[in-house]
$ cat model-v4.pdb   # PDB, C-alpha atoms, pLDDT in the B column
ATOM      1  CA  MET I 225       0.000   0.000   0.000  1.00 50.00           C
ATOM      2  CA  ILE I 226       1.282   3.437  -0.958  1.00 55.00           C
ATOM      3  CA  LYS I 227       0.009   6.298   1.144  1.00 58.00           C
ATOM      4  CA  HIS I 228       0.204   9.797  -0.224  1.00 58.00           C
ATOM      5  CA  VAL I 229       0.518  11.945   2.838  1.00 60.00           C
ATOM      6  CA  GLU I 230      -0.949  15.444   2.846  1.00 52.00           C
ATOM      7  CA  LYS I 231       0.306  17.654   5.609  1.00 68.00           C
ATOM      8  CA  ASP I 232       1.058  21.169   6.637  1.00 83.00           C
ATOM      9  CA  PRO I 233       4.322  22.404   5.128  1.00 90.00           C
ATOM     10  CA  TYR I 234       7.400  21.336   7.040  1.00 96.00           C
ATOM     11  CA  TYR I 235      11.167  21.269   6.738  1.00 97.00           C
ATOM     12  CA  ALA I 236      13.943  18.690   6.831  1.00 98.00           C
ATOM     13  CA  VAL I 237      17.492  19.240   8.061  1.00 97.00           C
ATOM     14  CA  ILE I 238      19.783  16.727   6.349  1.00 98.00           C
ATOM     15  CA  PHE I 239      23.055  16.238   8.221  1.00 97.00           C
ATOM     16  CA  THR I 240      25.613  14.069   6.404  1.00 97.00           C
ATOM     17  CA  ALA I 241      28.980  13.501   8.043  1.00 96.00           C
ATOM     18  CA  LYS I 242      32.207  11.573   8.209  1.00 96.00           C
ATOM     19  CA  PHE I 243      33.426  10.748  11.708  1.00 96.00           C
ATOM     20  CA  SER I 244      36.973  11.387  12.803  1.00 94.00           C
ATOM     21  CA  LYS I 245      38.836   8.756  14.831  1.00 93.00           C
ATOM     22  CA  ASP I 246      38.198  10.613  18.107  1.00 90.00           C
ATOM     23  CA  LEU I 247      34.672   9.712  19.221  1.00 91.00           C
ATOM     24  CA  LYS I 248      35.248  10.206  22.946  1.00 92.00           C
ATOM     25  CA  GLY I 249      32.124  11.710  24.454  1.00 91.00           C
ATOM     26  CA  TYR I 250      30.138  11.497  21.224  1.00 92.00           C
ATOM     27  CA  ASP I 251      27.476   8.973  22.277  1.00 92.00           C
ATOM     28  CA  LYS I 252      26.602  10.818  25.460  1.00 93.00           C
ATOM     29  CA  ILE I 253      26.227  14.173  23.705  1.00 93.00           C
ATOM     30  CA  ALA I 254      24.324  12.674  20.751  1.00 91.00           C
ATOM     31  CA  GLU I 255      21.837  11.160  23.173  1.00 93.00           C
ATOM     32  CA  GLU I 256      21.520  14.401  25.115  1.00 94.00           C
ATOM     33  CA  MET I 257      21.035  16.417  21.904  1.00 93.00           C
ATOM     34  CA  LEU I 258      18.210  14.140  20.803  1.00 93.00           C
ATOM     35  CA  ALA I 259      16.507  14.610  24.179  1.00 95.00           C
ATOM     36  CA  VAL I 260      16.931  18.390  24.028  1.00 95.00           C
ATOM     37  CA  ALA I 261      15.847  18.603  20.362  1.00 95.00           C
ATOM     38  CA  LYS I 262      12.627  16.761  21.201  1.00 95.00           C
ATOM     39  CA  GLU I 263      11.724  19.511  23.661  1.00 96.00           C
ATOM     40  CA  GLN I 264      12.146  22.296  21.103  1.00 96.00           C
ATOM     41  CA  LYS I 265       9.267  24.187  19.563  1.00 96.00           C
ATOM     42  CA  GLY I 266       8.467  22.869  16.124  1.00 96.00           C
ATOM     43  CA  PHE I 267      10.395  19.603  16.423  1.00 96.00           C
ATOM     44  CA  ILE I 268       8.591  16.786  14.588  1.00 96.00           C
ATOM     45  CA  SER I 269      10.939  13.800  14.480  1.00 96.00           C
ATOM     46  CA  LEU I 270      14.502  12.642  13.860  1.00 96.00           C
ATOM     47  CA  GLU I 271      16.050   9.666  12.077  1.00 96.00           C
ATOM     48  CA  SER I 272      19.734   8.814  12.379  1.00 95.00           C
ATOM     49  CA  VAL I 273      21.792   6.032  10.818  1.00 97.00           C
ATOM     50  CA  LYS I 274      25.507   5.342  11.282  1.00 96.00           C
ATOM     51  CA  GLU I 275      27.656   2.918   9.284  1.00 97.00           C
ATOM     52  CA  GLY I 276      31.418   2.774   9.729  1.00 96.00           C
ATOM     53  CA  ASP I 277      32.611   6.375   9.640  1.00 96.00           C
ATOM     54  CA  LYS I 278      29.458   7.687   7.929  1.00 97.00           C
ATOM     55  CA  GLU I 279      26.415   9.289   9.529  1.00 97.00           C
ATOM     56  CA  ILE I 280      23.194  10.590   8.049  1.00 98.00           C
ATOM     57  CA  THR I 281      20.763  12.260  10.443  1.00 97.00           C
ATOM     58  CA  VAL I 282      17.561  13.876   9.225  1.00 98.00           C
ATOM     59  CA  SER I 283      15.421  15.953  11.564  1.00 97.00           C
ATOM     60  CA  TYR I 284      12.022  17.392  10.679  1.00 97.00           C
ATOM     61  CA  TRP I 285      10.713  20.756  11.825  1.00 97.00           C
ATOM     62  CA  ARG I 286       7.557  22.826  11.427  1.00 96.00           C
ATOM     63  CA  THR I 287       9.165  26.105  10.279  1.00 96.00           C
ATOM     64  CA  LEU I 288      12.475  27.656   9.251  1.00 96.00           C
ATOM     65  CA  GLU I 289      12.228  29.825  12.358  1.00 97.00           C
ATOM     66  CA  ASP I 290      12.114  26.698  14.560  1.00 97.00           C
ATOM     67  CA  ILE I 291      15.280  25.423  12.850  1.00 97.00           C
ATOM     68  CA  ARG I 292      16.993  28.783  13.370  1.00 96.00           C
ATOM     69  CA  THR I 293      16.062  28.827  17.056  1.00 96.00           C
ATOM     70  CA  TRP I 294      17.416  25.307  17.544  1.00 95.00           C
ATOM     71  CA  SER I 295      20.624  26.165  15.685  1.00 93.00           C
ATOM     72  CA  VAL I 296      21.470  28.860  18.236  1.00 92.00           C
ATOM     73  CA  ASN I 297      20.339  26.905  21.302  1.00 92.00           C
ATOM     74  CA  GLU I 298      23.134  27.116  23.878  1.00 92.00           C
ATOM     75  CA  ARG I 299      23.540  23.380  24.538  1.00 91.00           C
ATOM     76  CA  HIS I 300      23.288  22.661  20.839  1.00 92.00           C
ATOM     77  CA  ALA I 301      26.018  25.221  20.133  1.00 91.00           C
ATOM     78  CA  GLU I 302      28.300  23.488  22.660  1.00 90.00           C
ATOM     79  CA  ALA I 303      27.656  20.119  21.046  1.00 90.00           C
ATOM     80  CA  LYS I 304      28.421  21.550  17.611  1.00 90.00           C
ATOM     81  CA  LYS I 305      31.716  22.881  18.954  1.00 91.00           C
ATOM     82  CA  GLY I 306      32.597  19.317  20.034  1.00 89.00           C
ATOM     83  CA  GLY I 307      31.572  18.084  16.598  1.00 91.00           C
ATOM     84  CA  LYS I 308      33.952  20.448  14.846  1.00 92.00           C
ATOM     85  CA  GLU I 309      36.847  20.101  17.276  1.00 91.00           C
ATOM     86  CA  LYS I 310      36.708  16.349  17.727  1.00 93.00           C
ATOM     87  CA  TRP I 311      34.100  14.041  16.300  1.00 94.00           C
ATOM     88  CA  TYR I 312      33.755  14.944  12.637  1.00 95.00           C
ATOM     89  CA  ASP I 313      36.277  15.226   9.818  1.00 95.00           C
ATOM     90  CA  TYR I 314      33.584  16.941   7.825  1.00 94.00           C
ATOM     91  CA  PHE I 315      29.856  17.401   7.629  1.00 95.00           C
ATOM     92  CA  THR I 316      27.254  19.139   5.508  1.00 96.00           C
ATOM     93  CA  VAL I 317      23.959  20.558   6.723  1.00 96.00           C
ATOM     94  CA  ARG I 318      21.152  21.086   4.219  1.00 97.00           C
ATOM     95  CA  ILE I 319      17.941  22.861   5.159  1.00 97.00           C
ATOM     96  CA  CYS I 320      15.121  21.738   2.896  1.00 97.00           C
ATOM     97  CA  LYS I 321      11.434  22.324   2.349  1.00 97.00           C
ATOM     98  CA  VAL I 322       9.541  19.057   2.004  1.00 96.00           C
ATOM     99  CA  GLU I 323       7.552  19.425  -1.213  1.00 94.00           C
ATOM    100  CA  ARG I 324       5.964  16.001  -1.437  1.00 93.00           C
ATOM    101  CA  GLU I 325       6.099  12.637   0.277  1.00 94.00           C
ATOM    102  CA  TYR I 326       4.719   9.142   0.160  1.00 93.00           C
ATOM    103  CA  SER I 327       5.099   6.035   2.260  1.00 93.00           C
ATOM    104  CA  PHE I 328       4.922   2.312   1.722  1.00 93.00           C
ATOM    105  CA  GLY I 329       4.000  -0.145   4.477  1.00 91.00           C
ATOM    106  CA  GLU I 330       3.277   0.543   8.087  1.00 77.00           C
ATOM    107  CA  ASN I 331       5.768   2.500  10.134  1.00 68.00           C
ATOM    108  CA  GLU I 332       5.209   1.524  13.747  1.00 56.00           C
ATOM    109  CA  LYS I 333       6.848   4.721  14.980  1.00 50.00           C
TER
ATOM    110  CA  MET Z 556      36.235  26.231   8.604  1.00 51.00           C
ATOM    111  CA  ILE Z 557      32.582  26.641   7.720  1.00 56.00           C
ATOM    112  CA  LYS Z 558      31.868  27.094   4.047  1.00 59.00           C
ATOM    113  CA  HIS Z 559      28.578  28.623   3.009  1.00 58.00           C
ATOM    114  CA  VAL Z 560      27.891  27.102  -0.345  1.00 60.00           C
ATOM    115  CA  GLU Z 561      25.983  29.081  -2.945  1.00 53.00           C
ATOM    116  CA  LYS Z 562      24.622  27.055  -5.796  1.00 68.00           C
ATOM    117  CA  ASP Z 563      21.889  26.779  -8.335  1.00 82.00           C
ATOM    118  CA  PRO Z 564      18.652  25.491  -6.823  1.00 90.00           C
ATOM    119  CA  TYR Z 565      18.520  21.736  -6.461  1.00 96.00           C
ATOM    120  CA  TYR Z 566      16.458  19.028  -4.824  1.00 97.00           C
ATOM    121  CA  ALA Z 567      16.987  16.200  -2.357  1.00 98.00           C
ATOM    122  CA  VAL Z 568      15.118  12.894  -2.281  1.00 97.00           C
ATOM    123  CA  ILE Z 569      15.202  11.536   1.272  1.00 98.00           C
ATOM    124  CA  PHE Z 570      14.526   7.798   1.406  1.00 97.00           C
ATOM    125  CA  THR Z 571      14.162   6.372   4.926  1.00 97.00           C
ATOM    126  CA  ALA Z 572      13.400   2.685   5.306  1.00 96.00           C
ATOM    127  CA  LYS Z 573      13.224  -0.378   7.509  1.00 96.00           C
ATOM    128  CA  PHE Z 574      14.477  -3.582   5.925  1.00 96.00           C
ATOM    129  CA  SER Z 575      12.495  -6.797   6.055  1.00 95.00           C
ATOM    130  CA  LYS Z 576      14.283 -10.063   6.830  1.00 93.00           C
ATOM    131  CA  ASP Z 577      14.388 -11.064   3.139  1.00 90.00           C
ATOM    132  CA  LEU Z 578      17.338  -9.253   1.603  1.00 91.00           C
ATOM    133  CA  LYS Z 579      18.024 -11.781  -1.158  1.00 92.00           C
ATOM    134  CA  GLY Z 580      19.067  -9.907  -4.281  1.00 91.00           C
ATOM    135  CA  TYR Z 581      19.103  -6.516  -2.552  1.00 92.00           C
ATOM    136  CA  ASP Z 582      22.841  -5.744  -2.770  1.00 92.00           C
ATOM    137  CA  LYS Z 583      23.030  -6.495  -6.487  1.00 94.00           C
ATOM    138  CA  ILE Z 584      20.017  -4.343  -7.339  1.00 93.00           C
ATOM    139  CA  ALA Z 585      21.124  -1.501  -5.026  1.00 91.00           C
ATOM    140  CA  GLU Z 586      24.496  -1.412  -6.767  1.00 93.00           C
ATOM    141  CA  GLU Z 587      22.846  -1.505 -10.205  1.00 94.00           C
ATOM    142  CA  MET Z 588      20.417   1.272  -9.263  1.00 93.00           C
ATOM    143  CA  LEU Z 589      23.272   3.517  -8.161  1.00 93.00           C
ATOM    144  CA  ALA Z 590      25.044   2.928 -11.492  1.00 95.00           C
ATOM    145  CA  VAL Z 591      21.854   3.635 -13.471  1.00 95.00           C
ATOM    146  CA  ALA Z 592      20.947   6.696 -11.357  1.00 95.00           C
ATOM    147  CA  LYS Z 593      24.379   8.190 -12.029  1.00 95.00           C
ATOM    148  CA  GLU Z 594      23.640   8.112 -15.763  1.00 96.00           C
ATOM    149  CA  GLN Z 595      20.356  10.004 -15.411  1.00 96.00           C
ATOM    150  CA  LYS Z 596      19.888  13.590 -16.483  1.00 96.00           C
ATOM    151  CA  GLY Z 597      20.080  15.923 -13.504  1.00 96.00           C
ATOM    152  CA  PHE Z 598      21.667  13.448 -11.090  1.00 96.00           C
ATOM    153  CA  ILE Z 599      24.102  15.224  -8.747  1.00 96.00           C
ATOM    154  CA  SER Z 600      25.095  12.716  -6.049  1.00 96.00           C
ATOM    155  CA  LEU Z 601      23.866  10.082  -3.623  1.00 96.00           C
ATOM    156  CA  GLU Z 602      24.678   9.213  -0.012  1.00 96.00           C
ATOM    157  CA  SER Z 603      23.476   6.013   1.622  1.00 96.00           C
ATOM    158  CA  VAL Z 604      23.952   4.673   5.146  1.00 97.00           C
ATOM    159  CA  LYS Z 605      22.677   1.384   6.561  1.00 96.00           C
ATOM    160  CA  GLU Z 606      22.659   0.310  10.217  1.00 97.00           C
ATOM    161  CA  GLY Z 607      20.934  -2.869  11.343  1.00 96.00           C
ATOM    162  CA  ASP Z 608      17.512  -2.835   9.710  1.00 96.00           C
ATOM    163  CA  LYS Z 609      17.563   0.919   9.018  1.00 97.00           C
ATOM    164  CA  GLU Z 610      18.526   2.702   5.810  1.00 97.00           C
ATOM    165  CA  ILE Z 611      18.702   6.367   4.925  1.00 98.00           C
ATOM    166  CA  THR Z 612      19.583   7.226   1.336  1.00 97.00           C
ATOM    167  CA  VAL Z 613      19.609  10.798   0.088  1.00 98.00           C
ATOM    168  CA  SER Z 614      20.008  11.569  -3.598  1.00 97.00           C
ATOM    169  CA  TYR Z 615      20.399  15.055  -5.061  1.00 97.00           C
ATOM    170  CA  TRP Z 616      18.932  16.218  -8.359  1.00 97.00           C
ATOM    171  CA  ARG Z 617      18.878  19.379 -10.436  1.00 96.00           C
ATOM    172  CA  THR Z 618      15.104  19.655 -10.977  1.00 96.00           C
ATOM    173  CA  LEU Z 619      11.773  18.126  -9.943  1.00 96.00           C
ATOM    174  CA  GLU Z 620      11.377  17.023 -13.562  1.00 97.00           C
ATOM    175  CA  ASP Z 621      14.628  15.020 -13.324  1.00 97.00           C
ATOM    176  CA  ILE Z 622      13.295  13.294 -10.186  1.00 97.00           C
ATOM    177  CA  ARG Z 623      10.017  12.519 -11.942  1.00 96.00           C
ATOM    178  CA  THR Z 624      11.803  11.055 -14.946  1.00 96.00           C
ATOM    179  CA  TRP Z 625      13.953   8.836 -12.728  1.00 95.00           C
ATOM    180  CA  SER Z 626      10.922   7.718 -10.713  1.00 93.00           C
ATOM    181  CA  VAL Z 627       9.333   6.222 -13.847  1.00 92.00           C
ATOM    182  CA  ASN Z 628      12.557   4.772 -15.298  1.00 92.00           C
ATOM    183  CA  GLU Z 629      11.818   1.162 -16.256  1.00 92.00           C
ATOM    184  CA  ARG Z 630      14.704  -0.473 -14.385  1.00 92.00           C
ATOM    185  CA  HIS Z 631      14.058   1.742 -11.373  1.00 92.00           C
ATOM    186  CA  ALA Z 632      10.387   0.701 -11.389  1.00 91.00           C
ATOM    187  CA  GLU Z 633      11.421  -2.975 -11.368  1.00 90.00           C
ATOM    188  CA  ALA Z 634      13.756  -2.360  -8.437  1.00 90.00           C
ATOM    189  CA  LYS Z 635      11.002  -0.550  -6.529  1.00 90.00           C
ATOM    190  CA  LYS Z 636       8.728  -3.529  -7.090  1.00 91.00           C
ATOM    191  CA  GLY Z 637      11.372  -5.737  -5.439  1.00 89.00           C
ATOM    192  CA  GLY Z 638      11.623  -3.222  -2.619  1.00 91.00           C
ATOM    193  CA  LYS Z 639       7.918  -3.420  -1.882  1.00 92.00           C
ATOM    194  CA  GLU Z 640       7.524  -7.161  -2.368  1.00 91.00           C
ATOM    195  CA  LYS Z 641      10.647  -8.268  -0.539  1.00 93.00           C
ATOM    196  CA  TRP Z 642      13.275  -6.001   0.933  1.00 95.00           C
ATOM    197  CA  TYR Z 643      11.437  -3.338   2.896  1.00 95.00           C
ATOM    198  CA  ASP Z 644       8.842  -3.527   5.660  1.00 95.00           C
ATOM    199  CA  TYR Z 645       8.235   0.142   5.098  1.00 94.00           C
ATOM    200  CA  PHE Z 646       9.790   3.235   3.615  1.00 95.00           C
ATOM    201  CA  THR Z 647       9.078   6.923   3.162  1.00 96.00           C
ATOM    202  CA  VAL Z 648      10.188   9.073   0.245  1.00 96.00           C
ATOM    203  CA  ARG Z 649      10.367  12.831   0.709  1.00 97.00           C
ATOM    204  CA  ILE Z 650      11.067  15.171  -2.190  1.00 97.00           C
ATOM    205  CA  CYS Z 651      12.592  18.391  -0.904  1.00 97.00           C
ATOM    206  CA  LYS Z 652      13.908  21.683  -2.193  1.00 97.00           C
ATOM    207  CA  VAL Z 653      17.301  22.527  -0.691  1.00 96.00           C
ATOM    208  CA  GLU Z 654      16.911  26.047   0.670  1.00 94.00           C
ATOM    209  CA  ARG Z 655      20.290  26.524   2.281  1.00 93.00           C
ATOM    210  CA  GLU Z 656      23.413  24.555   3.087  1.00 94.00           C
ATOM    211  CA  TYR Z 657      26.775  24.816   4.740  1.00 93.00           C
ATOM    212  CA  SER Z 658      29.726  22.510   5.231  1.00 93.00           C
ATOM    213  CA  PHE Z 659      32.462  22.033   7.766  1.00 93.00           C
ATOM    214  CA  GLY Z 660      35.832  20.484   6.911  1.00 91.00           C
ATOM    215  CA  GLU Z 661      37.038  19.091   3.649  1.00 77.00           C
ATOM    216  CA  ASN Z 662      34.978  16.448   1.927  1.00 68.00           C
ATOM    217  CA  GLU Z 663      37.340  14.491  -0.276  1.00 56.00           C
ATOM    218  CA  LYS Z 664      34.498  13.319  -2.502  1.00 50.00           C
TER
END
$ encode --input "model-v4.pdb" --output "structure tokens"
Amino acid sequence: MIKHVEKDPYYAVIFTAKFSKDLKGYDKIAEEMLAVAKEQKGFISLESVKEGDKEITVSYWRTLEDIRTWSVNERHAEAKKGGKEKWYDYFTVRICKVEREYSFGENEK
Amino acid sequence: MIKHVEKDPYYAVIFTAKFSKDLKGYDKIAEEMLAVAKEQKGFISLESVKEGDKEITVSYWRTLEDIRTWSVNERHAEAKKGGKEKWYDYFTVRICKVEREYSFGENEK
């Protein structure tokens, strides 16, 4: 079954990254950031997959303003500092407007 | 170093999925699909990460028309049939306009 989902407009933040070899402290902060993100205004959901030294994390937000507010959140800013200084060799952040979507099967989430 | 990248408009297709337990034939078709996608008009790049039963694949395209053309490509349609019948319990496809992006570090790609 294919479901065509009609929704209010929303945005995706696509984070694609390559880890460095220094992951000390990463898991704890990643977990904390997810918990803090979930409390933010406009947060919808987050999906994250890691394989070897690659990570793709996509978070979904109601508005561009919500994304901007989260990007300057104090704890988030600290975590990003750790990301640049230690955990990532490189990353790219793309802020996107979701234009259309469809799903197959039942997502139990 | 943070680079703010200015580019022509382009689009991202975010594919998030949960694998079923029947992955017979998946690797071969996934590899073939990447090779065929790379030949398509408007294809920019593709990033794919798998972890346990989760997959996130993001492909980037010049225009919505390029995405539409690829979505009805004959070999792609066959692969999608396999995806629904065998390899995935569920998936979601989101077609997005990239509004803004920035990068940290040097991506050797």
$ atom_distance --input "model-v4.pdb" --atom1 "atom CA of Ala236 of chain I" --atom2 "atom CA of Val273 of chain I"
15.4 Å
$ resolve_selection --input "model-v4.pdb" --expression "the PyMOL selection byres ((chain I) within 9 of (chain Z))" --output "VMD selection string"
chain I and resid 225 235 to 236 238 240 242 271 to 276 278 to 282 308 312 to 331
$ write_last_selection --input "model-v4.pdb" --atoms "C-alpha atoms" --output "compact mmCIF listing (two decimals), keeping the file's coordinate frame"
# COMPACT_ATOMS: atom_id res chain seq x y z
CA MET I 225 0.00 0.00 0.00
CA TYR I 235 11.17 21.27 6.74
CA ALA I 236 13.94 18.69 6.83
CA ILE I 238 19.78 16.73 6.35
CA THR I 240 25.61 14.07 6.40
CA LYS I 242 32.21 11.57 8.21
CA GLU I 271 16.05 9.67 12.08
CA SER I 272 19.73 8.81 12.38
CA VAL I 273 21.79 6.03 10.82
CA LYS I 274 25.51 5.34 11.28
CA GLU I 275 27.66 2.92 9.28
CA GLY I 276 31.42 2.77 9.73
CA LYS I 278 29.46 7.69 7.93
CA GLU I 279 26.42 9.29 9.53
CA ILE I 280 23.19 10.59 8.05
CA THR I 281 20.76 12.26 10.44
CA VAL I 282 17.56 13.88 9.22
CA LYS I 308 33.95 20.45 14.85
CA TYR I 312 33.76 14.94 12.64
CA ASP I 313 36.28 15.23 9.82
CA TYR I 314 33.58 16.94 7.82
CA PHE I 315 29.86 17.40 7.63
CA THR I 316 27.25 19.14 5.51
CA VAL I 317 23.96 20.56 6.72
CA ARG I 318 21.15 21.09 4.22
CA ILE I 319 17.94 22.86 5.16
CA CYS I 320 15.12 21.74 2.90
CA LYS I 321 11.43 22.32 2.35
CA VAL I 322 9.54 19.06 2.00
CA GLU I 323 7.55 19.42 -1.21
CA ARG I 324 5.96 16.00 -1.44
CA GLU I 325 6.10 12.64 0.28
CA TYR I 326 4.72 9.14 0.16
CA SER I 327 5.10 6.04 2.26
CA PHE I 328 4.92 2.31 1.72
CA GLY I 329 4.00 -0.14 4.48
CA GLU I 330 3.28 0.54 8.09
CA ASN I 331 5.77 2.50 10.13
$ residues_around --input "model-v4.pdb" --residues "segment 624-628 of chain Z" --least-positions-apart "4" --cutoff "9 Å" --atoms "all atoms listed in the file" --output "ChimeraX atom specification"
/Z:592,595-596,619-620,632-633
$ residues_around --input "model-v4.pdb" --residues "Asp582 of chain Z" --least-positions-apart "5" --cutoff "12 Å" --atoms "all atoms listed in the file" --output "list in words"
Asp577, Glu587, Met588, Leu589, Lys605, Ala634, Gly637, Gly638 and Trp642 of chain Z
$ calpha_fit_and_write --input "model-v4.pdb" --fixed "chain I" --moving "chain Z" --output "JSON list (two decimals) with C-alpha atoms, keeping the file's coordinate frame"
[["chain", "number", "residue", "atom", "x", "y", "z"],
["Z", 556, "MET", "CA", 0.01, -0.01, -0.02],
["Z", 557, "ILE", "CA", 1.32, 3.41, -0.95],
["Z", 558, "LYS", "CA", 0.02, 6.25, 1.16],
["Z", 559, "HIS", "CA", 0.22, 9.76, -0.20],
["Z", 560, "VAL", "CA", 0.53, 11.90, 2.87],
["Z", 561, "GLU", "CA", -0.91, 15.39, 2.87],
["Z", 562, "LYS", "CA", 0.33, 17.62, 5.63],
["Z", 563, "ASP", "CA", 1.07, 21.14, 6.63],
["Z", 564, "PRO", "CA", 4.33, 22.40, 5.13],
["Z", 565, "TYR", "CA", 7.40, 21.35, 7.05],
["Z", 566, "TYR", "CA", 11.17, 21.28, 6.73],
["Z", 567, "ALA", "CA", 13.94, 18.70, 6.83],
["Z", 568, "VAL", "CA", 17.50, 19.25, 8.06],
["Z", 569, "ILE", "CA", 19.78, 16.74, 6.34],
["Z", 570, "PHE", "CA", 23.05, 16.24, 8.22],
["Z", 571, "THR", "CA", 25.61, 14.08, 6.40],
["Z", 572, "ALA", "CA", 28.97, 13.51, 8.04],
["Z", 573, "LYS", "CA", 32.21, 11.57, 8.21],
["Z", 574, "PHE", "CA", 33.42, 10.75, 11.70],
["Z", 575, "SER", "CA", 36.98, 11.38, 12.80],
["Z", 576, "LYS", "CA", 38.81, 8.74, 14.83],
["Z", 577, "ASP", "CA", 38.18, 10.59, 18.11],
["Z", 578, "LEU", "CA", 34.67, 9.70, 19.21],
["Z", 579, "LYS", "CA", 35.23, 10.18, 22.94],
["Z", 580, "GLY", "CA", 32.11, 11.70, 24.46],
["Z", 581, "TYR", "CA", 30.12, 11.50, 21.21],
["Z", 582, "ASP", "CA", 27.47, 8.96, 22.27],
["Z", 583, "LYS", "CA", 26.59, 10.83, 25.45],
["Z", 584, "ILE", "CA", 26.24, 14.18, 23.70],
["Z", 585, "ALA", "CA", 24.31, 12.68, 20.75],
["Z", 586, "GLU", "CA", 21.82, 11.15, 23.17],
["Z", 587, "GLU", "CA", 21.52, 14.43, 25.10],
["Z", 588, "MET", "CA", 21.03, 16.42, 21.89],
["Z", 589, "LEU", "CA", 18.20, 14.15, 20.80],
["Z", 590, "ALA", "CA", 16.49, 14.62, 24.19],
["Z", 591, "VAL", "CA", 16.93, 18.41, 24.04],
["Z", 592, "ALA", "CA", 15.84, 18.62, 20.37],
["Z", 593, "LYS", "CA", 12.63, 16.77, 21.21],
["Z", 594, "GLU", "CA", 11.72, 19.53, 23.68],
["Z", 595, "GLN", "CA", 12.15, 22.31, 21.11],
["Z", 596, "LYS", "CA", 9.27, 24.20, 19.58],
["Z", 597, "GLY", "CA", 8.46, 22.87, 16.13],
["Z", 598, "PHE", "CA", 10.39, 19.60, 16.44],
["Z", 599, "ILE", "CA", 8.59, 16.80, 14.58],
["Z", 600, "SER", "CA", 10.96, 13.81, 14.49],
["Z", 601, "LEU", "CA", 14.51, 12.65, 13.86],
["Z", 602, "GLU", "CA", 16.05, 9.67, 12.08],
["Z", 603, "SER", "CA", 19.73, 8.82, 12.37],
["Z", 604, "VAL", "CA", 21.78, 6.03, 10.80],
["Z", 605, "LYS", "CA", 25.49, 5.34, 11.27],
["Z", 606, "GLU", "CA", 27.65, 2.92, 9.28],
["Z", 607, "GLY", "CA", 31.41, 2.77, 9.73],
["Z", 608, "ASP", "CA", 32.61, 6.37, 9.64],
["Z", 609, "LYS", "CA", 29.46, 7.68, 7.93],
["Z", 610, "GLU", "CA", 26.42, 9.29, 9.53],
["Z", 611, "ILE", "CA", 23.20, 10.60, 8.05],
["Z", 612, "THR", "CA", 20.77, 12.27, 10.44],
["Z", 613, "VAL", "CA", 17.57, 13.89, 9.23],
["Z", 614, "SER", "CA", 15.43, 15.96, 11.57],
["Z", 615, "TYR", "CA", 12.02, 17.40, 10.69],
["Z", 616, "TRP", "CA", 10.72, 20.77, 11.84],
["Z", 617, "ARG", "CA", 7.57, 22.84, 11.44],
["Z", 618, "THR", "CA", 9.17, 26.12, 10.29],
["Z", 619, "LEU", "CA", 12.49, 27.67, 9.25],
["Z", 620, "GLU", "CA", 12.23, 29.84, 12.36],
["Z", 621, "ASP", "CA", 12.12, 26.71, 14.56],
["Z", 622, "ILE", "CA", 15.29, 25.44, 12.84],
["Z", 623, "ARG", "CA", 16.99, 28.79, 13.38],
["Z", 624, "THR", "CA", 16.07, 28.84, 17.05],
["Z", 625, "TRP", "CA", 17.43, 25.32, 17.55],
["Z", 626, "SER", "CA", 20.63, 26.17, 15.67],
["Z", 627, "VAL", "CA", 21.48, 28.87, 18.23],
["Z", 628, "ASN", "CA", 20.34, 26.90, 21.31],
["Z", 629, "GLU", "CA", 23.15, 27.12, 23.87],
["Z", 630, "ARG", "CA", 23.55, 23.40, 24.54],
["Z", 631, "HIS", "CA", 23.29, 22.66, 20.83],
["Z", 632, "ALA", "CA", 26.03, 25.22, 20.13],
["Z", 633, "GLU", "CA", 28.30, 23.49, 22.67],
["Z", 634, "ALA", "CA", 27.65, 20.12, 21.04],
["Z", 635, "LYS", "CA", 28.43, 21.55, 17.60],
["Z", 636, "LYS", "CA", 31.71, 22.88, 18.94],
["Z", 637, "GLY", "CA", 32.59, 19.32, 20.03],
["Z", 638, "GLY", "CA", 31.56, 18.09, 16.60],
["Z", 639, "LYS", "CA", 33.95, 20.44, 14.84],
["Z", 640, "GLU", "CA", 36.84, 20.09, 17.27],
["Z", 641, "LYS", "CA", 36.69, 16.34, 17.74],
["Z", 642, "TRP", "CA", 34.10, 14.02, 16.29],
["Z", 643, "TYR", "CA", 33.75, 14.93, 12.63],
["Z", 644, "ASP", "CA", 36.28, 15.23, 9.82],
["Z", 645, "TYR", "CA", 33.59, 16.95, 7.83],
["Z", 646, "PHE", "CA", 29.86, 17.41, 7.62],
["Z", 647, "THR", "CA", 27.25, 19.15, 5.50],
["Z", 648, "VAL", "CA", 23.96, 20.57, 6.72],
["Z", 649, "ARG", "CA", 21.16, 21.10, 4.23],
["Z", 650, "ILE", "CA", 17.94, 22.87, 5.18],
["Z", 651, "CYS", "CA", 15.13, 21.75, 2.89],
["Z", 652, "LYS", "CA", 11.45, 22.33, 2.34],
["Z", 653, "VAL", "CA", 9.54, 19.06, 1.99],
["Z", 654, "GLU", "CA", 7.55, 19.43, -1.21],
["Z", 655, "ARG", "CA", 5.97, 16.01, -1.43],
["Z", 656, "GLU", "CA", 6.11, 12.65, 0.29],
["Z", 657, "TYR", "CA", 4.72, 9.16, 0.17],
["Z", 658, "SER", "CA", 5.10, 6.03, 2.25],
["Z", 659, "PHE", "CA", 4.93, 2.32, 1.70],
["Z", 660, "GLY", "CA", 4.01, -0.14, 4.46],
["Z", 661, "GLU", "CA", 3.25, 0.52, 8.07],
["Z", 662, "ASN", "CA", 5.74, 2.45, 10.13],
["Z", 663, "GLU", "CA", 5.18, 1.46, 13.73],
["Z", 664, "LYS", "CA", 6.78, 4.66, 14.99]]
$ atom_distance --input "model-v4.pdb" --atom1 "atom CA of Tyr284 of chain I" --atom2 "atom CA of Phe267 of chain I"
6.4 Å
$ atom_distance --input "model-v4.pdb" --atom1 "atom CA of Glu594 of chain Z" --atom2 "atom CA of Arg623 of chain Z"
14.8 Å
